[in-house]
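start-v6.txt (compact mmCIF, C-alpha atoms)
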```
# COMPACT_ATOMS: atom_id res chain seq x y z
CA TRP A 179 92.30 105.03 -19.99
CA LYS A 180 94.67 107.86 -20.91
CA GLN A 181 96.87 107.25 -17.88
CA HIS A 182 96.74 103.47 -18.10
CA THR A 183 97.77 103.37 -21.78
CA LYS A 184 100.27 106.27 -21.53
CA TYR A 185 98.51 108.04 -24.39
CA LYS A 186 100.10 111.44 -25.07
CA GLY A 187 97.33 112.89 -27.22
CA PRO A 188 94.39 114.98 -25.95
CA VAL A 189 91.87 113.37 -23.60
CA GLY A 190 89.17 114.18 -26.17
CA ASP A 191 90.59 111.41 -28.37
CA VAL A 192 90.03 108.95 -25.54
CA VAL A 193 86.51 110.16 -24.82
CA SER A 194 85.63 109.87 -28.49
CA VAL A 195 86.69 106.22 -28.62
CA ILE A 196 85.34 105.08 -25.24
CA TYR A 197 81.96 106.78 -25.43
CA ARG A 198 81.18 107.80 -29.01
CA VAL A 199 82.45 105.28 -31.52
CA ASP A 200 79.51 103.36 -32.97
CA ALA A 201 79.53 99.78 -31.69
CA ASN A 202 78.49 98.21 -35.00
CA SER A 203 81.15 100.13 -36.91
CA LEU A 204 83.94 99.08 -34.54
CA ILE A 205 82.87 95.44 -34.70
CA THR A 206 82.14 95.14 -38.43
CA HIS A 207 84.49 97.74 -39.99
CA PRO A 208 87.45 98.10 -37.58
CA ASP A 209 89.95 99.17 -40.26
CA SER A 210 88.00 102.28 -41.27
CA VAL A 211 87.36 103.19 -37.61
CA LEU A 212 91.04 102.83 -36.78
CA LYS A 213 91.95 105.38 -39.46
CA GLN A 214 89.62 107.96 -37.89
CA HIS A 215 90.68 107.66 -34.24
CA PRO A 216 94.29 108.19 -33.06
CA PHE A 217 93.64 106.70 -29.62
CA LEU A 218 92.17 103.53 -31.10
CA LYS A 219 95.21 103.24 -33.37
CA HIS A 220 97.42 103.69 -30.27
CA LEU A 221 95.63 100.81 -28.53
CA PHE A 222 95.84 98.57 -31.57
CA SER A 223 99.59 99.18 -31.90
CA HIS A 224 100.73 99.19 -28.28
CA TYR A 225 97.93 97.82 -26.07
CA LYS A 226 96.38 94.97 -28.03
CA LYS A 227 94.68 93.42 -24.97
CA GLU A 228 93.02 96.73 -24.12
CA TYR A 229 91.90 97.03 -27.73
CA GLN A 230 90.41 93.53 -27.59
CA TYR A 231 88.55 94.42 -24.40
CA LEU A 232 87.13 97.55 -25.98
CA VAL A 233 85.73 95.52 -28.90
CA TYR A 234 84.30 93.04 -26.38
CA ALA A 235 82.65 95.81 -24.38
CA ARG A 236 81.06 97.16 -27.55
CA LYS A 237 79.69 93.70 -28.34
CA CYS A 238 78.20 93.58 -24.84
CA GLU A 239 76.52 96.94 -25.36
CA LEU A 240 74.46 95.44 -28.16
CA ILE A 241 72.62 93.13 -25.77
CA TYR A 242 72.19 95.09 -22.52
CA GLU A 243 68.47 95.59 -21.94
CA GLU A 244 67.74 94.40 -25.48
CA LYS A 245 64.01 93.71 -25.46
CA ASP A 246 61.46 92.78 -28.09
CA PRO A 247 58.20 94.37 -26.83
CA TRP A 248 56.08 92.36 -29.26
CA GLY A 249 57.70 89.03 -28.49
CA LEU A 250 58.25 88.31 -32.17
CA GLN A 251 62.00 87.67 -32.12
CA PRO A 252 63.59 84.70 -30.35
CA ASN A 253 66.14 85.54 -27.66
CA ASN A 254 69.68 85.32 -28.99
CA PHE A 255 70.84 82.84 -26.36
CA LYS A 256 73.76 81.68 -28.48
CA TYR A 257 75.17 85.23 -28.66
CA LEU A 258 74.84 85.60 -24.90
CA GLU A 259 76.57 82.28 -24.31
CA GLU A 260 79.41 83.30 -26.61
CA LEU A 261 79.88 86.62 -24.78
CA VAL A 262 79.92 84.92 -21.39
CA ALA A 263 82.39 82.30 -22.63
CA GLU A 264 84.68 84.97 -24.11
CA GLY A 265 84.56 87.04 -20.92
CA ASN A 266 85.32 84.04 -18.71
CA GLU A 267 88.15 82.98 -21.01
CA GLN A 268 89.75 86.40 -20.65
CA LEU A 269 89.37 86.33 -16.85
CA ASP A 270 91.17 82.99 -16.76
CA ARG A 271 94.17 84.59 -18.45
CA LYS A 272 96.87 86.66 -16.77
CA LEU A 273 95.36 90.11 -17.15
CA ASN A 274 96.29 93.35 -15.44
CA GLU A 275 93.86 94.59 -12.79
CA PHE A 276 92.57 97.31 -15.12
CA LEU A 277 91.27 94.75 -17.62
CA LYS A 278 90.25 92.10 -15.12
CA LEU A 279 87.93 94.54 -13.38
CA ARG A 280 86.35 95.61 -16.66
CA TYR A 281 85.74 92.11 -18.00
CA ALA A 282 84.13 91.21 -14.67
CA TYR A 283 81.95 94.33 -14.88
CA GLN A 284 80.70 93.37 -18.35
CA LEU A 285 79.90 89.83 -17.20
CA LEU A 286 78.12 91.21 -14.13
CA LYS A 287 75.87 93.38 -16.30
CA ILE A 288 75.12 90.45 -18.62
CA SER A 289 74.14 88.38 -15.57
CA TYR A 290 71.97 91.18 -14.17
CA TYR A 291 69.97 91.73 -17.37
CA ASN A 292 69.97 88.04 -18.35
CA PRO A 293 69.90 85.92 -15.16
CA GLY A 294 71.19 82.41 -15.64
CA PHE A 295 73.95 83.28 -18.09
CA GLY A 296 77.28 82.84 -16.33
CA LYS A 297 78.02 83.44 -12.66
CA SER A 298 75.60 85.43 -10.54
CA VAL A 299 75.92 89.16 -9.95
CA GLU A 300 76.96 88.56 -6.33
CA GLU A 301 79.59 85.97 -7.27
CA LEU A 302 81.22 88.19 -9.88
CA TYR A 303 81.22 91.22 -7.60
CA GLY A 304 82.68 89.31 -4.66
CA GLN A 305 85.34 87.47 -6.69
CA TYR A 306 86.63 90.20 -8.98
CA ILE A 307 85.31 93.66 -8.09
CA LYS A 308 84.70 94.20 -4.38
CA ASN A 309 88.34 93.97 -3.27
CA SER A 310 89.96 95.32 -6.44
CA ALA A 311 92.71 97.85 -5.78
CA GLN A 312 91.58 99.89 -8.78
CA LYS A 313 90.16 103.32 -7.92
CA THR A 314 87.35 103.69 -10.40
CA TRP A 315 83.66 104.53 -10.69
CA LEU A 316 83.05 101.00 -12.00
CA LYS A 317 83.12 99.52 -8.47
CA ALA A 318 80.24 101.66 -7.18
CA SER A 319 78.38 101.16 -10.45
CA ALA A 320 78.71 97.37 -10.07
CA ASN A 321 77.53 97.63 -6.47
CA PHE A 322 74.30 99.23 -7.72
CA TYR A 323 73.47 96.01 -9.58
CA VAL A 324 74.34 93.99 -6.46
CA HIS A 325 72.01 96.14 -4.36
CA GLU A 326 69.20 95.72 -6.87
CA THR A 327 69.76 91.95 -6.77
CA ILE A 328 70.00 91.31 -3.02
CA ALA A 329 67.18 93.55 -1.74
CA THR A 330 64.64 91.34 0.05
CA ASN A 331 61.85 93.90 0.59
CA PRO A 332 60.83 97.37 -0.67
CA GLU A 333 62.19 99.22 2.37
CA GLU A 334 65.60 97.59 2.11
CA ARG A 335 65.67 98.31 -1.62
CA GLN A 336 64.96 101.99 -0.95
CA TYR A 337 67.77 102.10 1.59
CA LEU A 338 70.23 100.42 -0.79
CA LEU A 339 69.25 102.91 -3.49
CA THR A 340 70.35 105.75 -1.19
CA LEU A 341 73.73 104.03 -0.72
CA SER A 342 74.17 103.62 -4.48
CA PHE A 343 73.13 107.23 -5.01
CA ASP A 344 75.79 108.42 -2.59
CA GLU A 345 78.61 106.17 -3.82
CA SER A 346 78.14 106.07 -7.58
CA ILE A 347 78.74 108.54 -10.40
CA ASP A 348 76.77 107.05 -13.27
CA LYS A 349 73.79 105.71 -11.29
CA LYS A 350 72.67 108.82 -9.39
CA PHE A 351 69.88 109.78 -11.79
CA ARG A 352 68.61 106.20 -11.98
CA CYS A 353 68.55 105.93 -8.18
CA VAL A 354 66.41 109.07 -7.93
CA GLN A 355 64.06 107.67 -10.59
CA LEU A 356 63.59 104.43 -8.65
CA PHE A 357 63.26 106.00 -5.18
CA ASP A 358 59.72 105.89 -3.74
CA ARG A 359 59.32 109.04 -1.66
CA LYS A 360 55.85 108.20 -0.34
CA HIS A 361 57.13 105.64 2.16
CA TYR A 362 60.61 106.92 2.76
CA LEU A 363 60.18 107.35 6.52
CA GLN A 364 60.13 103.56 6.90
CA THR A 365 63.48 103.48 5.11
CA LEU A 366 65.13 105.55 7.85
CA LYS A 367 65.18 102.59 10.25
CA HIS A 368 67.82 100.94 8.05
CA ALA A 369 70.23 103.92 8.31
CA ARG A 370 73.37 103.19 10.34
CA ASN A 371 74.54 106.78 10.95
CA ASN A 372 73.55 110.44 10.50
CA HIS A 373 75.19 110.65 7.08
CA GLU A 374 72.96 107.87 5.78
CA ARG A 375 69.89 109.41 7.46
CA ALA A 376 70.67 112.74 5.81
CA ASN A 377 70.99 111.10 2.39
CA ILE A 378 67.61 109.40 2.74
CA HIS A 379 66.15 112.87 3.32
CA VAL A 380 68.15 114.13 0.32
CA MET A 381 66.59 111.48 -1.91
CA HIS A 382 63.13 112.52 -0.72
CA GLU A 383 63.73 116.22 -1.30
CA LEU A 384 65.13 115.74 -4.81
CA GLN A 385 61.57 114.95 -5.88
CA ASN A 386 59.76 117.44 -3.66
CA PRO A 387 58.10 120.26 -5.67
CA ALA A 388 56.90 122.06 -2.51
CA ARG A 389 58.67 123.77 0.37
CA SER A 390 61.84 121.98 1.40
CA LEU A 391 63.35 124.33 3.96
CA ASN A 392 62.43 122.33 7.07
CA MET A 393 63.96 119.20 5.60
CA LEU A 394 67.05 121.11 4.42
CA LYS A 395 67.53 122.24 8.01
CA LYS A 396 67.24 118.62 9.11
CA ILE A 397 69.87 117.53 6.58
CA ALA A 398 72.21 120.32 7.74
CA GLU A 399 71.69 119.28 11.35
CA LEU A 400 72.39 115.59 10.67
CA ASP A 401 75.28 116.09 8.24
CA PRO A 402 76.53 119.71 8.06
CA GLU A 403 79.00 118.97 5.22
CA ASN A 404 76.57 116.87 3.19
CA ASP A 405 77.67 116.96 -0.46
CA TYR A 406 74.15 117.47 -1.77
CA LEU A 407 73.01 120.30 0.53
CA PRO A 408 74.28 123.17 -1.69
CA PHE A 409 72.50 121.60 -4.67
CA LEU A 410 69.23 121.32 -2.73
CA ILE A 411 69.55 124.93 -1.58
CA ALA A 412 70.09 125.99 -5.20
CA ARG A 413 67.02 123.98 -6.17
CA GLU A 414 65.00 125.70 -3.45
CA ILE A 415 66.07 129.09 -4.79
CA ASN A 416 65.03 127.98 -8.29
CA LYS A 417 61.59 127.09 -6.93
CA ILE A 418 61.27 130.45 -5.18
CA GLU A 419 62.27 132.26 -8.38
CA ASP A 420 59.57 130.33 -10.21
CA TRP A 421 56.89 131.01 -7.60
CA LEU A 422 57.76 134.72 -7.35
CA LEU A 423 58.85 135.71 -10.84
CA THR A 424 57.02 133.49 -13.34
CA PRO A 425 53.56 135.07 -12.67
CA GLU A 426 55.10 138.55 -12.66
CA LEU A 427 57.02 138.12 -15.91
CA THR A 428 54.68 135.89 -17.90
CA GLY A 429 51.19 136.44 -16.52
CA TYR A 430 50.87 132.68 -16.04
CA GLY A 431 51.13 130.49 -12.98
CA PRO A 432 54.45 128.98 -11.85
CA SER A 433 55.75 126.03 -13.84
CA ILE A 434 56.17 123.94 -10.66
CA SER A 435 52.78 122.82 -9.41
CA GLU A 436 52.19 121.47 -5.92
CA TYR A 437 50.15 118.70 -7.52
CA GLN A 438 52.85 117.71 -9.99
CA TYR A 439 53.66 114.42 -8.29
CA GLY A 440 50.18 113.59 -7.02
CA ASP A 441 51.41 113.16 -3.45
CA ALA A 442 48.32 112.96 -1.26
CA ALA A 443 50.36 113.63 1.88
CA GLN A 444 51.68 116.91 0.52
CA GLN A 445 50.20 119.95 2.19
CA VAL A 446 48.14 122.18 -0.11
CA PHE A 447 49.61 125.66 -0.09
CA ASN A 448 49.05 129.09 -1.52
CA ILE A 449 51.96 130.01 -3.81
CA LYS A 450 51.95 133.72 -2.97
CA ALA A 451 51.95 133.01 0.75
CA LEU A 452 54.59 130.36 0.27
CA SER A 453 56.97 132.59 -1.61
CA ASN A 454 56.85 135.71 0.50
CA LYS A 455 59.88 137.54 1.78
CA LYS A 456 59.82 135.74 5.12
CA TYR A 457 60.33 132.36 3.48
CA VAL A 458 63.07 133.78 1.25
CA GLY A 459 64.68 135.23 4.36
CA ASP A 460 64.52 131.88 6.14
CA VAL A 461 66.31 130.18 3.23
CA TYR A 462 68.92 132.95 3.35
CA ALA A 463 69.41 132.34 7.09
CA LEU A 464 70.11 128.65 6.43
CA ILE A 465 72.75 129.58 3.85
CA ILE A 466 74.48 131.96 6.25
CA LYS A 467 74.46 129.30 8.98
CA SER A 468 75.90 126.73 6.55
CA ILE A 469 78.72 129.08 5.52
CA LYS A 470 80.20 129.22 9.01
CA GLY A 471 83.04 126.76 9.45
CA THR A 472 82.74 125.11 6.05
CA SER A 473 85.55 124.46 3.56
CA PRO A 474 86.74 127.30 1.25
CA GLY A 475 85.43 125.68 -1.94
CA ARG A 476 82.02 124.99 -0.43
CA GLU A 477 81.92 128.47 1.12
CA ALA A 478 82.35 130.08 -2.30
CA GLU A 479 79.39 128.12 -3.64
CA LEU A 480 77.21 129.07 -0.66
CA GLN A 481 78.23 132.73 -0.92
CA VAL A 482 77.04 132.75 -4.54
CA LEU A 483 73.74 131.16 -3.49
CA ALA A 484 73.35 133.87 -0.85
CA SER A 485 73.81 136.46 -3.60
CA ASN A 486 70.98 134.80 -5.55
CA ILE A 487 68.69 135.44 -2.60
CA CYS A 488 69.86 139.07 -2.56
CA ILE A 489 68.86 139.41 -6.23
CA LEU A 490 65.33 138.32 -5.29
CA LEU A 491 65.22 140.74 -2.34
CA HIS A 492 66.78 143.65 -4.33
CA GLN A 493 69.63 143.88 -1.80
CA LYS A 494 72.41 144.93 -4.13
CA GLU A 495 75.14 145.88 -1.66
CA LYS A 496 74.73 142.78 0.48
CA GLY A 497 74.73 140.60 -2.64
CA LEU A 498 77.94 142.20 -3.92
CA GLN A 499 79.59 141.53 -0.56
CA HIS A 500 78.71 137.86 -0.87
CA LEU A 501 80.21 137.74 -4.36
CA LEU A 502 83.38 139.43 -3.16
CA ALA A 503 83.69 136.75 -0.46
CA ALA A 504 83.14 134.06 -3.10
CA GLN A 505 86.01 135.14 -5.35
CA ASN A 506 88.78 132.56 -5.24
CA SER A 507 91.45 131.61 -7.75
CA ASN A 508 90.62 127.93 -7.17
CA ASN A 509 86.95 128.29 -8.08
CA PRO A 510 85.75 126.04 -10.92
CA LEU A 511 84.96 127.84 -14.17
CA PRO A 512 81.14 127.51 -13.91
CA LEU A 513 81.17 129.11 -10.46
CA ASN A 514 83.23 132.08 -11.70
CA TYR A 515 80.76 132.37 -14.58
CA GLN A 516 77.88 132.55 -12.06
CA ILE A 517 79.74 135.16 -9.99
CA ARG A 518 80.08 137.41 -13.04
CA PHE A 519 76.44 136.92 -13.98
CA ASN A 520 75.14 137.63 -10.45
CA LYS A 521 77.30 140.73 -10.18
CA ILE A 522 75.52 142.12 -13.24
CA ALA A 523 72.06 140.86 -12.23
CA LEU A 524 72.29 142.56 -8.84
CA GLN A 525 72.66 145.91 -10.60
CA MET A 526 69.60 145.40 -12.80
CA ASP A 527 67.41 146.75 -10.02
CA GLY A 528 65.74 149.65 -11.84
CA LYS A 529 67.82 152.12 -9.86
CA THR A 530 71.42 151.61 -10.98
CA PHE A 531 72.56 153.61 -13.99
CA LEU A 532 74.63 152.11 -16.78
CA THR A 533 78.00 153.32 -15.52
CA PRO A 534 81.32 152.78 -17.37
CA GLU A 535 82.16 150.15 -14.74
CA LEU A 536 78.91 148.25 -15.40
CA GLN A 537 79.50 148.55 -19.15
CA GLN A 538 82.93 146.98 -18.64
CA ASP A 539 81.40 144.16 -16.56
CA LEU A 540 78.88 143.47 -19.34
CA LEU A 541 81.63 143.43 -21.96
CA GLU A 542 83.84 141.11 -19.89
CA PHE A 543 80.91 138.80 -19.26
CA HIS A 544 80.21 138.66 -23.00
CA ILE A 545 83.86 137.79 -23.72
CA PHE A 546 83.96 135.28 -20.85
CA ASN A 547 80.76 133.66 -22.15
CA LYS A 548 82.24 133.28 -25.66
```

Translate this structure into structure tokens?
Amino acid sequence: WKQHTKYKGPVGDVVSVIYRVDANSLITHPDSVLKQHPFLKHLFSHYKKEYQYLVYARKCELIYEEKDPWGLQPNNFKYLEELVAEGNEQLDRKLNEFLKLRYAYQLLKISYYNPGFGKSVEELYGQYIKNSAQKTWLKASANFYVHETIATNPEERQYLLTLSFDESIDKKFRCVQLFDRKHYLQTLKHARNNHERANIHVMHELQNPARSLNMLKKIAELDPENDYLPFLIAREINKIEDWLLTPELTGYGPSISEYQYGDAAQQVFNIKALSNKKYVGDVYALIIKSIKGTSPGREAELQVLASNICILLHQKEKGLQHLLAAQNSNNPLPLNYQIRFNKIALQMDGKTFLTPELQQDLLEFHIFNK
């Protein structure tokens, strides 16, 4: 939006208007809202069509998934018909691709949640969205609704969910919610390549509260540069920390129970046996193997994860070496934050004295955190 409208103010102004302005206020009291938001004023003055679309999108928001659980209110069919008519009228005009794609997306969502109003989800996607030259998250988001519409059986639906998970930005969490891990092996027959097979395993492991190492190895074997592998390794370390440290620090059992998801196929295990040093060492070995030959940005992330294992194993020097290898001027801010934290945590081993150097690290971390 900032680039398209050549807005020179901070991006926060744009975010505030696109995502935070109350829909009812914009629709019913536009003058007062305009006074409060510089970006909205910019649209109104210089990009009137974009402003009109934004008001339209807010009107659409009022009806998406609007349900009356008690069945006491009649459906507002007239309002839906008016929205569809307005959207179609705009699409019939000479609009730029930016707006055409967005009007089509709104109509597609109306059709998905209220079948029978306007063109079908597939028609709208094929006519306006699929071949759009716009590079935007909206295309993958729209494809999620197409996938949910065209699936002919549960296995195909599960497979299409893995595609939407991989392609989309805003639908990842919803895809994980909808994925049925109990029968995921049948979904594998739909996969067309190793990347898709790996992502089906990823979807399964995102909901697995038990040991995941064997499946993480499988993912690494199928798709060594899989985008989600570092996240799953981090999640596995979080589980190990819970199994090892929660009983020690709190006197209670771990917060992650092997029965949490009621999966009858899941092997019953003993948490102490599960979380011993051998298993921690095996996870560490996978990280080291994954580091070799990977990209610099990904290597930094994996090096930090290796240092997390070293914290658990009280291997200070080895952990510090991993952090040294992770230092890179191109690292994102959260990763540099984790490097600083791990550097301090490695020295909280009950043996290291509070040296001037460690005091300086603590002070810098405090300043960095602020």

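Proximity to A:Arg198 was assessed for A:Lys227, A:Lys456, A:His215, A:Lys272 counting only C-alpha atoms; the smallest distance is recorded for A:His215.
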
* To do: Quick one: everything within 12 Å of A:Thr206, counting all atoms listed in the file, minus sequence neighbours fewer than 6 positions away in the same chain. Send it as an MDAnalysis selection string.
  => chainID A and resid 200 212 233 236:237

* Counting all atoms listed in the file, what is within 10 Å of stretch 520-535 of chain A, bar same-chain residues fewer than 6 positions away, as a PyMOL selection string? -> chain A and resi 482-483+485-486+488-502+514+541+543

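With all atoms listed in the file as the basis for measurement, A:Glu259 is the residue among A:Glu259, A:Glu419, A:Glu334, A:Asp539 that approaches A:Ile288 most closely.
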
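Between A:Arg389 and the candidates A:Asn321, A:Asn372, A:Asp460, A:Glu326, the tightest atom-to-atom separation, counting only C-alpha atoms, involves A:Asp460.
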
* **Exercise: A:Ser507 partners within 12 Å, all atoms listed in the file, chain neighbours under 6 positions left out, as a PyMOL selection string** => chain A and resi 474-475+478+513-514

* Counting only C-alpha atoms, note down every residue that has an atom within 12 Å of the point (81.6, 127.9, 0.7) (file coordinates), as a ChimeraX atom specification. => /A:403,405,407-408,465-484,500-501,503-506,508-509,513

* To do: Determine, counting all atoms listed in the file, every residue of protein, DNA or RNA that lies within 7 Å of (58.0, 113.2, -1.8) in the file coordinates, then give the result as a VMD selection string.
  => chain A and resid 359 to 360 382 to 383 385 to 386 441

* What separation in Å, quoted to one decimal, exists between atom CA of A:Val193 and atom CA of A:Phe351? ->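 Between atom CA of A:Val193 and atom CA of A:Phe351 the gap works out to 21.1 Å.
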
* Asked: So, counting only C-alpha atoms, which residue among A:Tyr515, A:Tyr303, A:Tyr362, A:Tyr234 is closest to A:Val380?
  ->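 Ranked by minimum distance to A:Val380, first place goes to A:Tyr362.
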
* Please indicate the distance in Å from atom CA of A:Leu218 to atom CA of A:Val195, rounded to one decimal place. =>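 A separation of 6.6 Å between them.
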
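With all atoms listed in the file as the basis for measurement, A:Leu277 is the residue among A:Leu277, A:Ile205, A:His368, A:Lys180 that approaches A:Lys226 most closely.
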
* To do: Have a look at atom CA of A:Asp401 and atom CA of A:Pro332 and let me know their distance in Å, one decimal.
  =>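 Separation between atom CA of A:Asp401 and atom CA of A:Pro332: 25.3 Å.
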
Close residues, A:Met393 itself excluded, 12 Å, all atoms listed in the file, min 3 positions apart in chain, as a PDB file with C-alpha atoms, in the frame of the given file:
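Result written to selection-v5.pdb:
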```pdb
ATOM      1  CA  ARG A 375      69.890 109.410   7.460  1.00  0.00           C
ATOM      2  CA  ALA A 376      70.670 112.740   5.810  1.00  0.00           C
ATOM      3  CA  ASN A 377      70.990 111.100   2.390  1.00  0.00           C
ATOM      4  CA  ILE A 378      67.610 109.400   2.740  1.00  0.00           C
ATOM      5  CA  HIS A 379      66.150 112.870   3.320  1.00  0.00           C
ATOM      6  CA  VAL A 380      68.150 114.130   0.320  1.00  0.00           C
ATOM      7  CA  MET A 381      66.590 111.480  -1.910  1.00  0.00           C
ATOM      8  CA  HIS A 382      63.130 112.520  -0.720  1.00  0.00           C
ATOM      9  CA  GLU A 383      63.730 116.220  -1.300  1.00  0.00           C
ATOM     10  CA  LEU A 384      65.130 115.740  -4.810  1.00  0.00           C
ATOM     11  CA  ASN A 386      59.760 117.440  -3.660  1.00  0.00           C
ATOM     12  CA  ALA A 388      56.900 122.060  -2.510  1.00  0.00           C
ATOM     13  CA  ARG A 389      58.670 123.770   0.370  1.00  0.00           C
ATOM     14  CA  SER A 390      61.840 121.980   1.400  1.00  0.00           C
ATOM     15  CA  LYS A 396      67.240 118.620   9.110  1.00  0.00           C
ATOM     16  CA  ILE A 397      69.870 117.530   6.580  1.00  0.00           C
ATOM     17  CA  ALA A 398      72.210 120.320   7.740  1.00  0.00           C
ATOM     18  CA  GLU A 399      71.690 119.280  11.350  1.00  0.00           C
ATOM     19  CA  LEU A 400      72.390 115.590  10.670  1.00  0.00           C
ATOM     20  CA  LEU A 407      73.010 120.300   0.530  1.00  0.00           C
ATOM     21  CA  LEU A 410      69.230 121.320  -2.730  1.00  0.00           C
ATOM     22  CA  ILE A 411      69.550 124.930  -1.580  1.00  0.00           C
ATOM     23  CA  GLU A 414      65.000 125.700  -3.450  1.00  0.00           C
ATOM     24  CA  VAL A 461      66.310 130.180   3.230  1.00  0.00           C
ATOM     25  CA  LEU A 464      70.110 128.650   6.430  1.00  0.00           C
TER      26      LEU A 464
END
```

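For the set A:Ser342, A:Ser223, A:Gln516, A:Asn274, the residue with the smallest atom-to-atom gap to A:Trp315 is A:Ser342, counting only C-alpha atoms.
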
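All residues of protein, DNA or RNA that reach within 10 Å of A:Val262, judged by all atoms listed in the file and not counting those fewer than 2 positions away in the chain, are Cys238, Lys256, Tyr257, Leu258, Glu259, Glu260, Glu264, Gly265, Asn266, Glu267, Gln268, Tyr281, Gln284, Leu285, Leu286, Ile288, Ser289, Phe295, Gly296 and Lys297 of chain A.
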
Since the input is missing atoms, can you rebuild N, CA, C and O atoms for stretch 412-423 of chain A and write them as a CSV table (one decimal), keeping the file's coordinate frame?
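And here's out_35.csv as it stands now:
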```
chain,number,residue,atom,x,y,z
A,412,ALA,N,70.2,125.4,-3.9
A,412,ALA,CA,70.1,126.0,-5.2
A,412,ALA,C,68.7,125.6,-5.8
A,412,ALA,O,68.1,126.5,-6.4
A,413,ARG,N,68.3,124.4,-5.6
A,413,ARG,CA,67.0,124.0,-6.2
A,413,ARG,C,65.9,124.7,-5.5
A,413,ARG,O,64.9,125.1,-6.1
A,414,GLU,N,66.0,125.0,-4.2
A,414,GLU,CA,65.0,125.7,-3.4
A,414,GLU,C,64.9,127.1,-3.9
A,414,GLU,O,63.8,127.7,-4.1
A,415,ILE,N,66.1,127.7,-4.2
A,415,ILE,CA,66.1,129.1,-4.8
A,415,ILE,C,65.4,129.1,-6.2
A,415,ILE,O,64.6,130.0,-6.5
A,416,ASN,N,65.7,128.1,-7.0
A,416,ASN,CA,65.0,128.0,-8.3
A,416,ASN,C,63.5,127.9,-8.1
A,416,ASN,O,62.8,128.6,-8.9
A,417,LYS,N,63.0,127.2,-7.1
A,417,LYS,CA,61.6,127.1,-6.9
A,417,LYS,C,61.0,128.4,-6.5
A,417,LYS,O,60.0,128.9,-7.0
A,418,ILE,N,61.7,129.1,-5.6
A,418,ILE,CA,61.3,130.4,-5.2
A,418,ILE,C,61.2,131.4,-6.4
A,418,ILE,O,60.3,132.2,-6.5
A,419,GLU,N,62.3,131.4,-7.2
A,419,GLU,CA,62.3,132.3,-8.4
A,419,GLU,C,61.1,132.0,-9.3
A,419,GLU,O,60.4,132.9,-9.8
A,420,ASP,N,60.7,130.7,-9.4
A,420,ASP,CA,59.6,130.3,-10.2
A,420,ASP,C,58.3,130.8,-9.6
A,420,ASP,O,57.4,131.5,-10.2
A,421,TRP,N,58.1,130.6,-8.3
A,421,TRP,CA,56.9,131.0,-7.6
A,421,TRP,C,56.7,132.5,-7.6
A,421,TRP,O,55.6,133.1,-7.7
A,422,LEU,N,57.8,133.3,-7.4
A,422,LEU,CA,57.8,134.7,-7.4
A,422,LEU,C,57.7,135.4,-8.7
A,422,LEU,O,57.0,136.3,-8.9
A,423,LEU,N,58.6,134.9,-9.6
A,423,LEU,CA,58.8,135.7,-10.8
A,423,LEU,C,58.1,135.2,-12.1
A,423,LEU,O,57.8,136.1,-12.9
```
